[in-house]
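Okay, protein-v8.tsv now, which holds TSV, N, CA and C atoms:
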chain	number	residue	atom	x	y	z
I	154	MET	N	4.02	-4.93	32.84
I	154	MET	CA	3.75	-3.99	33.91
I	154	MET	C	4.49	-4.43	35.16
I	155	LYS	N	5.01	-3.48	35.88
I	155	LYS	CA	5.74	-3.79	37.10
I	155	LYS	C	4.80	-3.71	38.31
I	156	TYR	N	5.03	-4.64	39.23
I	156	TYR	CA	4.28	-4.69	40.48
I	156	TYR	C	5.25	-4.94	41.61
I	157	VAL	N	5.00	-4.30	42.75
I	157	VAL	CA	5.75	-4.62	43.95
I	157	VAL	C	4.81	-5.44	44.84
I	158	VAL	N	5.34	-6.53	45.35
I	158	VAL	CA	4.61	-7.38	46.28
I	158	VAL	C	5.25	-7.14	47.65
I	159	LEU	N	4.47	-6.55	48.55
I	159	LEU	CA	4.95	-6.21	49.88
I	159	LEU	C	4.51	-7.29	50.85
I	160	ILE	N	5.46	-7.82	51.59
I	160	ILE	CA	5.20	-8.91	52.52
I	160	ILE	C	5.31	-8.35	53.93
I	161	TYR	N	4.22	-8.45	54.69
I	161	TYR	CA	4.20	-7.92	56.04
I	161	TYR	C	4.29	-9.04	57.06
I	162	GLY	N	5.05	-8.80	58.09
I	162	GLY	CA	5.13	-9.70	59.23
I	162	GLY	C	4.36	-9.09	60.38
I	163	ASN	N	4.23	-9.85	61.44
I	163	ASN	CA	3.57	-9.38	62.66
I	163	ASN	C	4.17	-10.14	63.83
I	164	PRO	N	3.85	-9.76	65.05
I	164	PRO	CA	4.45	-10.47	66.19
I	164	PRO	C	4.18	-11.98	66.16
I	165	GLY	N	3.00	-12.39	65.69
I	165	GLY	CA	2.69	-13.81	65.61
I	165	GLY	C	3.56	-14.54	64.60
I	166	SER	N	3.74	-13.96	63.43
I	166	SER	CA	4.57	-14.62	62.41
I	166	SER	C	6.04	-14.64	62.84
I	167	ARG	N	6.47	-13.58	63.49
I	167	ARG	CA	7.85	-13.52	63.98
I	167	ARG	C	8.08	-14.60	65.04
I	168	LYS	N	7.10	-14.75	65.95
I	168	LYS	CA	7.20	-15.76	67.00
I	168	LYS	C	7.18	-17.17	66.40
I	169	ALA	N	6.33	-17.36	65.39
I	169	ALA	CA	6.26	-18.67	64.73
I	169	ALA	C	7.61	-19.02	64.10
I	170	TRP	N	8.22	-18.07	63.39
I	170	TRP	CA	9.52	-18.30	62.76
I	170	TRP	C	10.58	-18.64	63.81
I	171	GLU	N	10.59	-17.86	64.90
I	171	GLU	CA	11.58	-18.10	65.95
I	171	GLU	C	11.38	-19.44	66.65
I	172	GLY	N	10.14	-19.95	66.64
I	172	GLY	CA	9.84	-21.22	67.29
I	172	GLY	C	10.06	-22.44	66.41
I	173	MET	N	10.41	-22.22	65.16
I	173	MET	CA	10.63	-23.34	64.25
I	173	MET	C	11.96	-24.04	64.53
I	174	SER	N	11.98	-25.31	64.23
I	174	SER	CA	13.24	-26.05	64.31
I	174	SER	C	14.14	-25.63	63.14
I	175	ASP	N	15.40	-25.99	63.22
I	175	ASP	CA	16.32	-25.69	62.11
I	175	ASP	C	15.82	-26.31	60.81
I	176	ALA	N	15.28	-27.52	60.89
I	176	ALA	CA	14.78	-28.21	59.69
I	176	ALA	C	13.57	-27.48	59.11
I	177	GLN	N	12.69	-26.98	59.97
I	177	GLN	CA	11.52	-26.24	59.48
I	177	GLN	C	11.93	-24.92	58.84
I	178	ARG	N	12.89	-24.24	59.45
I	178	ARG	CA	13.37	-22.99	58.85
I	178	ARG	C	14.03	-23.27	57.50
I	179	ALA	N	14.81	-24.34	57.43
I	179	ALA	CA	15.47	-24.69	56.17
I	179	ALA	C	14.43	-24.99	55.09
I	180	ALA	N	13.36	-25.68	55.46
I	180	ALA	CA	12.29	-25.98	54.49
I	180	ALA	C	11.61	-24.69	54.03
I	181	GLY	N	11.39	-23.76	54.93
I	181	GLY	CA	10.79	-22.48	54.56
I	181	GLY	C	11.67	-21.69	53.61
I	182	LEU	N	12.96	-21.66	53.91
I	182	LEU	CA	13.90	-20.96	53.03
I	182	LEU	C	14.01	-21.65	51.68
I	183	ALA	N	13.96	-22.98	51.67
I	183	ALA	CA	13.99	-23.73	50.41
I	183	ALA	C	12.76	-23.43	49.56
I	184	TYR	N	11.62	-23.25	50.21
I	184	TYR	CA	10.39	-22.90	49.47
I	184	TYR	C	10.58	-21.55	48.78
I	185	TYR	N	11.10	-20.57	49.52
I	185	TYR	CA	11.35	-19.26	48.91
I	185	TYR	C	12.37	-19.35	47.78
I	186	GLN	N	13.40	-20.17	47.95
I	186	GLN	CA	14.39	-20.33	46.89
I	186	GLN	C	13.75	-20.91	45.64
I	187	GLN	N	12.85	-21.88	45.80
I	187	GLN	CA	12.15	-22.46	44.65
I	187	GLN	C	11.26	-21.42	43.98
I	188	LEU	N	10.56	-20.62	44.78
I	188	LEU	CA	9.74	-19.55	44.21
I	188	LEU	C	10.62	-18.58	43.43
I	189	ASN	N	11.75	-18.19	43.99
I	189	ASN	CA	12.67	-17.30	43.29
I	189	ASN	C	13.17	-17.94	41.99
I	190	ASP	N	13.53	-19.22	42.04
I	190	ASP	CA	14.00	-19.92	40.84
I	190	ASP	C	12.92	-19.96	39.77
I	191	ASP	N	11.67	-20.23	40.17
I	191	ASP	CA	10.55	-20.26	39.22
I	191	ASP	C	10.36	-18.90	38.56
I	192	LEU	N	10.40	-17.84	39.38
I	192	LEU	CA	10.18	-16.49	38.84
I	192	LEU	C	11.37	-16.01	38.02
I	193	ASP	N	12.57	-16.46	38.36
I	193	ASP	CA	13.75	-16.14	37.54
I	193	ASP	C	13.63	-16.83	36.18
I	194	ALA	N	13.18	-18.08	36.18
I	194	ALA	CA	13.05	-18.84	34.93
I	194	ALA	C	12.01	-18.20	34.02
I	195	SER	N	10.95	-17.64	34.61
I	195	SER	CA	9.90	-17.00	33.78
I	195	SER	C	10.26	-15.56	33.43
I	196	GLY	N	11.32	-15.02	34.05
I	196	GLY	CA	11.73	-13.65	33.80
I	196	GLY	C	10.90	-12.61	34.54
I	197	GLU	N	10.08	-13.05	35.49
I	197	GLU	CA	9.18	-12.12	36.18
I	197	GLU	C	9.79	-11.48	37.44
I	198	ARG	N	10.76	-12.11	38.04
I	198	ARG	CA	11.36	-11.54	39.26
I	198	ARG	C	12.47	-10.59	38.87
I	199	LEU	N	12.31	-9.33	39.20
I	199	LEU	CA	13.37	-8.36	38.98
I	199	LEU	C	14.30	-8.33	40.18
I	200	VAL	N	13.73	-8.36	41.38
I	200	VAL	CA	14.50	-8.40	42.62
I	200	VAL	C	13.55	-8.80	43.74
I	201	SER	N	14.10	-9.42	44.76
I	201	SER	CA	13.36	-9.66	45.99
I	201	SER	C	14.35	-9.61	47.14
I	202	GLU	N	13.89	-9.13	48.26
I	202	GLU	CA	14.77	-9.01	49.43
I	202	GLU	C	13.97	-9.20	50.70
I	203	ARG	N	14.62	-9.79	51.66
I	203	ARG	CA	14.09	-9.87	53.02
I	203	ARG	C	14.60	-8.63	53.74
I	204	LEU	N	13.78	-8.01	54.56
I	204	LEU	CA	14.19	-6.81	55.27
I	204	LEU	C	14.49	-7.11	56.74
I	205	ALA	N	15.36	-6.31	57.34
I	205	ALA	CA	15.69	-6.45	58.75
I	205	ALA	C	14.46	-6.09	59.59
I	206	PHE	N	14.47	-6.53	60.83
I	206	PHE	CA	13.38	-6.21	61.74
I	206	PHE	C	13.32	-4.71	62.00
I	207	PRO	N	12.14	-4.20	62.36
I	207	PRO	CA	11.96	-2.76	62.55
I	207	PRO	C	12.92	-2.12	63.55
I	208	GLU	N	13.41	-2.89	64.52
I	208	GLU	CA	14.32	-2.33	65.51
I	208	GLU	C	15.61	-1.80	64.89
I	209	LEU	N	15.95	-2.27	63.70
I	209	LEU	CA	17.17	-1.84	63.03
I	209	LEU	C	16.95	-0.68	62.06
I	210	THR	N	15.73	-0.18	62.03
I	210	THR	CA	15.37	0.91	61.12
I	210	THR	C	15.95	2.23	61.59
I	211	LYS	N	16.32	3.06	60.64
I	211	LYS	CA	16.74	4.44	60.91
I	211	LYS	C	15.83	5.36	60.09
I	212	ARG	N	15.33	6.38	60.72
I	212	ARG	CA	14.53	7.38	60.01
I	212	ARG	C	15.42	8.60	59.79
I	213	VAL	N	15.38	9.14	58.58
I	213	VAL	CA	16.16	10.32	58.23
I	213	VAL	C	15.20	11.46	57.92
I	214	SER	N	15.44	12.60	58.55
I	214	SER	CA	14.66	13.80	58.23
I	214	SER	C	15.63	14.96	58.10
I	215	VAL	N	15.24	15.94	57.35
I	215	VAL	CA	16.08	17.11	57.14
I	215	VAL	C	15.30	18.34	57.59
I	216	GLY	N	15.88	19.10	58.49
I	216	GLY	CA	15.27	20.33	58.97
I	216	GLY	C	16.25	21.47	58.85
I	217	ASP	N	15.98	22.54	59.56
I	217	ASP	CA	16.84	23.72	59.51
I	217	ASP	C	18.26	23.41	59.98
I	218	GLY	N	18.40	22.46	60.91
I	218	GLY	CA	19.71	22.10	61.42
I	218	GLY	C	20.43	21.07	60.57
I	219	GLY	N	19.86	20.67	59.46
I	219	GLY	CA	20.46	19.66	58.59
I	219	GLY	C	19.85	18.30	58.83
I	220	PRO	N	20.50	17.25	58.33
I	220	PRO	CA	19.95	15.90	58.46
I	220	PRO	C	19.99	15.42	59.92
I	221	MET	N	18.95	14.64	60.27
I	221	MET	CA	18.88	14.06	61.60
I	221	MET	C	18.37	12.63	61.45
I	222	THR	N	18.96	11.71	62.22
I	222	THR	CA	18.51	10.33	62.18
I	222	THR	C	17.94	9.94	63.54
I	223	THR	N	16.96	9.04	63.50
I	223	THR	CA	16.31	8.52	64.70
I	223	THR	C	16.22	7.02	64.55
I	224	ASP	N	16.46	6.30	65.63
I	224	ASP	CA	16.35	4.84	65.62
I	224	ASP	C	14.88	4.42	65.65
I	225	GLY	N	14.58	3.27	65.03
I	225	GLY	CA	13.22	2.73	64.99
I	225	GLY	C	12.99	1.77	66.13
I	226	PRO	N	11.83	1.15	66.20
I	226	PRO	CA	10.69	1.31	65.31
I	226	PRO	C	9.95	2.61	65.57
I	227	PHE	N	9.09	2.98	64.65
I	227	PHE	CA	8.47	4.30	64.68
I	227	PHE	C	6.98	4.29	64.92
I	228	ALA	N	6.31	3.22	64.62
I	228	ALA	CA	4.86	3.18	64.78
I	228	ALA	C	4.51	2.06	65.75
I	229	GLU	N	3.48	2.26	66.48
I	229	GLU	CA	2.97	1.22	67.37
I	229	GLU	C	2.02	0.35	66.55
I	230	ALA	N	2.54	-0.29	65.56
I	230	ALA	CA	1.74	-1.12	64.67
I	230	ALA	C	2.08	-2.58	64.90
I	231	LYS	N	1.11	-3.43	64.66
I	231	LYS	CA	1.34	-4.86	64.82
I	231	LYS	C	2.06	-5.43	63.60
I	232	GLU	N	1.86	-4.82	62.45
I	232	GLU	CA	2.45	-5.33	61.22
I	232	GLU	C	3.67	-4.49	60.84
I	233	PHE	N	4.64	-5.13	60.20
I	233	PHE	CA	5.82	-4.43	59.73
I	233	PHE	C	6.21	-5.02	58.39
I	234	LEU	N	6.82	-4.19	57.56
I	234	LEU	CA	7.27	-4.63	56.24
I	234	LEU	C	8.44	-5.58	56.43
I	235	ALA	N	8.26	-6.82	56.00
I	235	ALA	CA	9.26	-7.87	56.21
I	235	ALA	C	10.09	-8.16	54.96
I	236	GLY	N	9.54	-7.87	53.79
I	236	GLY	CA	10.25	-8.15	52.55
I	236	GLY	C	9.43	-7.72	51.36
I	237	PHE	N	10.00	-7.90	50.18
I	237	PHE	CA	9.28	-7.49	48.97
I	237	PHE	C	9.81	-8.24	47.76
I	238	TYR	N	8.99	-8.28	46.74
I	238	TYR	CA	9.36	-8.73	45.40
I	238	TYR	C	9.04	-7.59	44.46
I	239	LEU	N	9.90	-7.33	43.50
I	239	LEU	CA	9.59	-6.45	42.39
I	239	LEU	C	9.46	-7.35	41.17
I	240	LEU	N	8.26	-7.37	40.61
I	240	LEU	CA	7.94	-8.27	39.51
I	240	LEU	C	7.67	-7.49	38.24
I	241	ASP	N	7.87	-8.13	37.12
I	241	ASP	CA	7.46	-7.60	35.82
I	241	ASP	C	6.56	-8.66	35.21
I	242	CYS	N	5.25	-8.44	35.28
I	242	CYS	CA	4.26	-9.43	34.87
I	242	CYS	C	3.41	-8.92	33.71
I	243	GLU	N	2.81	-9.85	33.01
I	243	GLU	CA	1.92	-9.49	31.90
I	243	GLU	C	0.64	-8.84	32.39
I	244	SER	N	0.21	-9.17	33.62
I	244	SER	CA	-1.08	-8.67	34.10
I	244	SER	C	-1.11	-8.61	35.62
I	245	GLU	N	-2.07	-7.86	36.12
I	245	GLU	CA	-2.29	-7.82	37.55
I	245	GLU	C	-2.69	-9.19	38.07
I	246	ASP	N	-3.49	-9.91	37.29
I	246	ASP	CA	-3.91	-11.25	37.70
I	246	ASP	C	-2.70	-12.16	37.95
I	247	ARG	N	-1.68	-12.04	37.10
I	247	ARG	CA	-0.48	-12.86	37.28
I	247	ARG	C	0.26	-12.43	38.55
I	248	ALA	N	0.35	-11.14	38.81
I	248	ALA	CA	1.01	-10.67	40.03
I	248	ALA	C	0.27	-11.18	41.26
I	249	LEU	N	-1.05	-11.20	41.22
I	249	LEU	CA	-1.85	-11.71	42.34
I	249	LEU	C	-1.65	-13.21	42.51
I	250	GLU	N	-1.52	-13.92	41.40
I	250	GLU	CA	-1.27	-15.37	41.44
I	250	GLU	C	0.07	-15.65	42.13
I	251	ILE	N	1.09	-14.87	41.80
I	251	ILE	CA	2.40	-15.04	42.42
I	251	ILE	C	2.32	-14.70	43.91
I	252	ALA	N	1.65	-13.61	44.24
I	252	ALA	CA	1.53	-13.20	45.64
I	252	ALA	C	0.86	-14.27	46.48
I	253	ALA	N	-0.07	-14.99	45.91
I	253	ALA	CA	-0.76	-16.06	46.64
I	253	ALA	C	0.17	-17.21	46.98
I	254	ARG	N	1.29	-17.33	46.29
I	254	ARG	CA	2.27	-18.39	46.59
I	254	ARG	C	3.16	-18.05	47.78
I	255	ILE	N	3.15	-16.82	48.23
I	255	ILE	CA	3.99	-16.40	49.34
I	255	ILE	C	3.35	-16.90	50.63
I	256	PRO	N	4.11	-17.65	51.44
I	256	PRO	CA	3.53	-18.25	52.65
I	256	PRO	C	2.81	-17.28	53.57
I	257	GLU	N	3.30	-16.06	53.70
I	257	GLU	CA	2.65	-15.09	54.58
I	257	GLU	C	1.23	-14.74	54.14
I	258	ALA	N	0.88	-15.04	52.91
I	258	ALA	CA	-0.47	-14.76	52.44
I	258	ALA	C	-1.51	-15.60	53.18
I	259	SER	N	-1.09	-16.72	53.76
I	259	SER	CA	-2.04	-17.59	54.46
I	259	SER	C	-2.22	-17.20	55.93
I	260	PHE	N	-1.32	-16.37	56.49
I	260	PHE	CA	-1.48	-16.01	57.89
I	260	PHE	C	-1.11	-14.56	58.20
I	261	GLY	N	-0.73	-13.82	57.19
I	261	GLY	CA	-0.34	-12.43	57.38
I	261	GLY	C	-0.93	-11.58	56.28
I	262	VAL	N	-0.19	-10.59	55.89
I	262	VAL	CA	-0.64	-9.66	54.85
I	262	VAL	C	0.38	-9.62	53.73
I	263	VAL	N	-0.09	-9.80	52.51
I	263	VAL	CA	0.72	-9.63	51.31
I	263	VAL	C	-0.04	-8.67	50.42
I	264	GLU	N	0.62	-7.61	50.02
I	264	GLU	CA	0.00	-6.54	49.25
I	264	GLU	C	0.63	-6.47	47.86
I	265	VAL	N	-0.18	-6.28	46.85
I	265	VAL	CA	0.31	-6.12	45.48
I	265	VAL	C	-0.02	-4.71	45.03
I	266	ARG	N	1.00	-4.00	44.58
I	266	ARG	CA	0.80	-2.61	44.19
I	266	ARG	C	1.49	-2.34	42.86
I	267	PRO	N	0.79	-1.73	41.89
I	267	PRO	CA	1.45	-1.34	40.64
I	267	PRO	C	2.56	-0.33	40.91
I	268	VAL	N	3.63	-0.41	40.14
I	268	VAL	CA	4.74	0.53	40.26
I	268	VAL	C	4.47	1.69	39.30
I	269	MET	N	4.61	2.88	39.83
I	269	MET	CA	4.39	4.08	39.02
I	269	MET	C	5.71	4.49	38.40
I	270	GLY	N	5.68	4.88	37.15
I	270	GLY	CA	6.86	5.44	36.53
I	270	GLY	C	7.00	6.90	36.93
I	271	LEU	N	8.00	7.57	36.43
I	271	LEU	CA	8.18	8.98	36.74
I	271	LEU	C	7.01	9.83	36.28
I	272	HIS	N	6.32	9.40	35.25
I	272	HIS	CA	5.25	10.19	34.66
I	272	HIS	C	3.89	9.55	34.84
I	273	GLY	N	3.75	8.70	35.83
I	273	GLY	CA	2.46	8.07	36.10
I	273	GLY	C	2.53	6.59	35.90
I	274	PRO	N	1.39	5.92	36.04
I	274	PRO	CA	1.37	4.45	35.93
I	274	PRO	C	1.67	4.00	34.51
I	275	GLU	N	2.24	2.81	34.43
I	275	GLU	CA	2.52	2.20	33.13
I	275	GLU	C	1.27	1.44	32.71
I	276	LEU	N	0.33	2.10	32.12
I	276	LEU	CA	-0.91	1.42	31.70
I	276	LEU	C	-0.96	1.27	30.20
Mind turning this structure into C-alpha coordinates?
Amino acid sequence: MKYVVLIYGNPGSRKAWEGMSDAQRAAGLAYYQQLNDDLDASGERLVSERLAFPELTKRVSVGDGGPMTTDGPFAEAKEFLAGFYLLDCESEDRALEIAARIPEASFGVVEVRPVMGLHGPEL
(Lines of atoms letter the chains of each structure in order from A and count residues from 1; the text may use other names and numbers.)
(Lines give C-alpha, C1' and ligand atoms only; values in the text may rest on other atoms or scores of the structure.)
Protein backbone atom coordinates (compact mmCIF):
# COMPACT_ATOMS: atom_id res chain seq x y z
CA MET A 1 0.00 0.00 0.00
CA LYS A 2 1.24 3.47 -0.79
CA TYR A 3 1.39 6.24 1.80
CA VAL A 4 2.44 9.84 1.57
CA VAL A 5 4.21 11.25 4.60
CA LEU A 6 3.72 15.01 4.71
CA ILE A 7 6.26 16.99 6.71
CA TYR A 8 5.15 20.40 7.95
CA GLY A 9 7.38 23.22 9.06
CA ASN A 10 6.49 26.28 11.09
CA PRO A 11 8.15 29.58 11.97
CA GLY A 12 9.81 27.96 15.00
CA SER A 13 11.30 25.07 13.05
CA ARG A 14 12.42 27.42 10.28
CA LYS A 15 14.10 29.70 12.85
CA ALA A 16 15.74 26.70 14.53
CA TRP A 17 17.18 25.50 11.19
CA GLU A 18 18.45 28.99 10.33
CA GLY A 19 20.08 29.25 13.78
CA MET A 20 22.03 26.01 13.44
CA SER A 21 25.75 25.96 12.84
CA ASP A 22 27.06 24.51 9.59
CA ALA A 23 28.03 21.35 11.48
CA GLN A 24 24.54 20.97 12.96
CA ARG A 25 22.92 21.43 9.56
CA ALA A 26 25.30 18.88 8.06
CA ALA A 27 24.38 16.40 10.81
CA GLY A 28 20.68 16.97 10.14
CA LEU A 29 21.12 16.42 6.42
CA ALA A 30 23.23 13.31 7.11
CA TYR A 31 20.40 11.93 9.26
CA TYR A 32 17.95 12.38 6.38
CA GLN A 33 20.43 10.77 3.97
CA GLN A 34 20.69 7.74 6.28
CA LEU A 35 16.89 7.52 6.50
CA ASN A 36 16.69 7.68 2.70
CA ASP A 37 19.40 5.00 2.37
CA ASP A 38 17.56 2.73 4.84
CA LEU A 39 14.25 3.14 3.00
CA ASP A 40 15.93 2.64 -0.39
CA ALA A 41 17.52 -0.59 0.89
CA SER A 42 14.13 -1.87 2.08
CA GLY A 43 12.45 -0.77 -1.17
CA GLU A 44 9.92 1.38 0.70
CA ARG A 45 10.95 4.86 -0.49
CA LEU A 46 9.50 5.67 -3.88
CA VAL A 47 10.47 9.35 -3.73
CA SER A 48 11.09 12.09 -1.20
CA GLU A 49 11.64 15.79 -1.71
CA ARG A 50 12.22 18.91 0.29
CA LEU A 51 9.96 21.76 -0.80
CA ALA A 52 10.80 25.45 -1.21
CA PHE A 53 9.50 27.94 1.33
CA PRO A 54 5.93 29.22 0.83
CA GLU A 55 7.18 32.58 -0.46
CA LEU A 56 8.24 30.85 -3.68
CA THR A 57 4.82 29.29 -4.26
CA LYS A 58 2.72 30.13 -7.31
CA ARG A 59 -1.02 29.52 -7.39
CA VAL A 60 -2.59 28.77 -10.76
CA SER A 61 -6.29 29.26 -11.45
CA VAL A 62 -8.25 29.22 -14.67
CA GLY A 63 -11.19 31.54 -15.24
CA ASP A 64 -13.00 33.10 -18.17
CA GLY A 65 -9.88 35.11 -19.04
CA GLY A 66 -7.68 32.00 -19.11
CA PRO A 67 -4.93 30.94 -16.72
CA MET A 68 -3.81 33.33 -13.99
CA THR A 69 -0.94 32.99 -11.53
CA THR A 70 -0.55 34.59 -8.11
CA ASP A 71 2.53 34.65 -5.90
CA GLY A 72 2.39 33.01 -2.45
CA PRO A 73 2.11 32.52 0.41
CA PHE A 74 -1.65 32.18 0.40
CA ALA A 75 -2.81 31.35 3.90
CA GLU A 76 -2.12 33.04 7.18
CA ALA A 77 -1.13 29.70 8.66
CA LYS A 78 1.68 28.94 11.03
CA GLU A 79 2.44 25.61 9.39
CA PHE A 80 3.54 25.00 5.82
CA LEU A 81 4.27 21.89 3.80
CA ALA A 82 8.05 21.51 3.94
CA GLY A 83 8.56 18.12 2.28
CA PHE A 84 7.20 14.66 1.70
CA TYR A 85 7.97 10.99 1.31
CA LEU A 86 6.02 8.65 -0.95
CA LEU A 87 6.33 5.19 0.54
CA ASP A 88 5.23 1.72 -0.47
CA CYS A 89 4.79 -0.19 2.80
CA GLU A 90 3.27 -3.48 3.86
CA SER A 91 1.03 -1.76 6.41
CA GLU A 92 -0.09 1.52 7.88
CA ASP A 93 1.77 0.59 11.07
CA ARG A 94 5.03 0.47 9.09
CA ALA A 95 4.32 3.86 7.49
CA LEU A 96 3.69 5.31 10.97
CA GLU A 97 6.93 3.75 12.23
CA ILE A 98 8.85 5.44 9.41
CA ALA A 99 7.10 8.77 10.01
CA ALA A 100 8.18 8.66 13.65
CA ARG A 101 11.83 8.66 12.48
CA ILE A 102 11.41 12.05 10.81
CA PRO A 103 12.91 14.72 13.10
CA GLU A 104 9.97 17.11 12.63
CA ALA A 105 7.74 14.55 14.34
CA SER A 106 9.29 15.57 17.67
CA PHE A 107 8.59 19.31 17.34
CA GLY A 108 6.30 19.82 14.36
CA VAL A 109 3.68 17.97 12.41
CA VAL A 110 4.17 14.84 10.31
CA GLU A 111 1.09 13.42 8.65
CA VAL A 112 0.64 9.96 7.12
CA ARG A 113 -2.04 9.60 4.48
CA PRO A 114 -2.96 6.61 2.28
CA VAL A 115 -2.61 7.27 -1.44
CA MET A 116 -5.80 6.81 -3.42
CA GLY A 117 -5.66 5.19 -6.82
CA LEU A 118 -7.77 6.42 -9.71
CA HIS A 119 -10.60 4.15 -8.62
CA GLY A 120 -10.38 4.54 -4.85
CA PRO A 121 -8.08 3.37 -2.09
CA GLU A 122 -5.80 0.41 -2.57
CA LEU A 123 -7.25 -1.78 0.17
Taking the DSSP secondary structure from the backbone, can you list the residues of chain I that are alpha helix (DSSP H), as a ChimeraX atom specification?
/I:164-171,175-195,245-253
Could you tell me how far atom N of Arg198 of chain I sits from atom C of Leu240 of chain I, in Å to one decimal place?
5.6 Å
Find the distance between atom N of Asn163 of chain I and atom C of Glu257 of chain I and write it in Å to one decimal.
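We find that atom N of Asn163 of chain I and atom C of Glu257 of chain I lie 9.3 Å from each other.
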Can you tell me which residues surround segment 258-267 of chain I at a distance of at most 9 Å, considering only C-alpha atoms, apart from same-chain residues fewer than 6 positions away, and format the answer as a PyMOL selection string?
chain I and resi 154-163+165-166+232+245+248-249+252+274-275
Name the residues in contact with Asp193 of chain I at a cut-off of 12 Å, using only C-alpha atoms, excluding same-chain residues fewer than 6 positions from it; report them as a PyMOL selection string.
chain I and resi 186-187+199-201+238-242
Enumerate the residues of segment 168-270 of chain I with a DSSP assignment of strand (DSSP E), computed from the backbone, and present them as a PyMOL selection string.
chain I and resi 198-203+211-216+219-224+233-241+262-267+269-270
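Between Pro256 of chain I and the residues I:Gly172, I:Gly196, I:Pro164, I:Gly181, the shortest atom-to-atom distance, using only C-alpha atoms, involves I:Gly181.
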Two-atom distance - atom C of Ser244 of chain I, atom CA of Asp191 of chain I (Å)
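Here the two named atoms are 16.9 Å from each other.
Ranking I:Ala183, I:Val215, I:Ala235, I:Met221 by their shortest atom-to-atom distance to Glu202 of chain I, with all atoms listed in the file included, puts I:Ala235 first.
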Need the shell around Val213 of chain I: protein/DNA/RNA residues with any atom at most 12 Å away, counting only C-alpha atoms. Skip same-chain ones fewer than 2 positions apart. Format as number ranges by chain?
I: 210-211, 215-216, 219-225, 227
Here is a test: counting only C-alpha atoms, which residue of I:Arg247, I:Glu197, I:Asn189, I:Arg167 is nearest to Leu234 of chain I?
I:Arg167
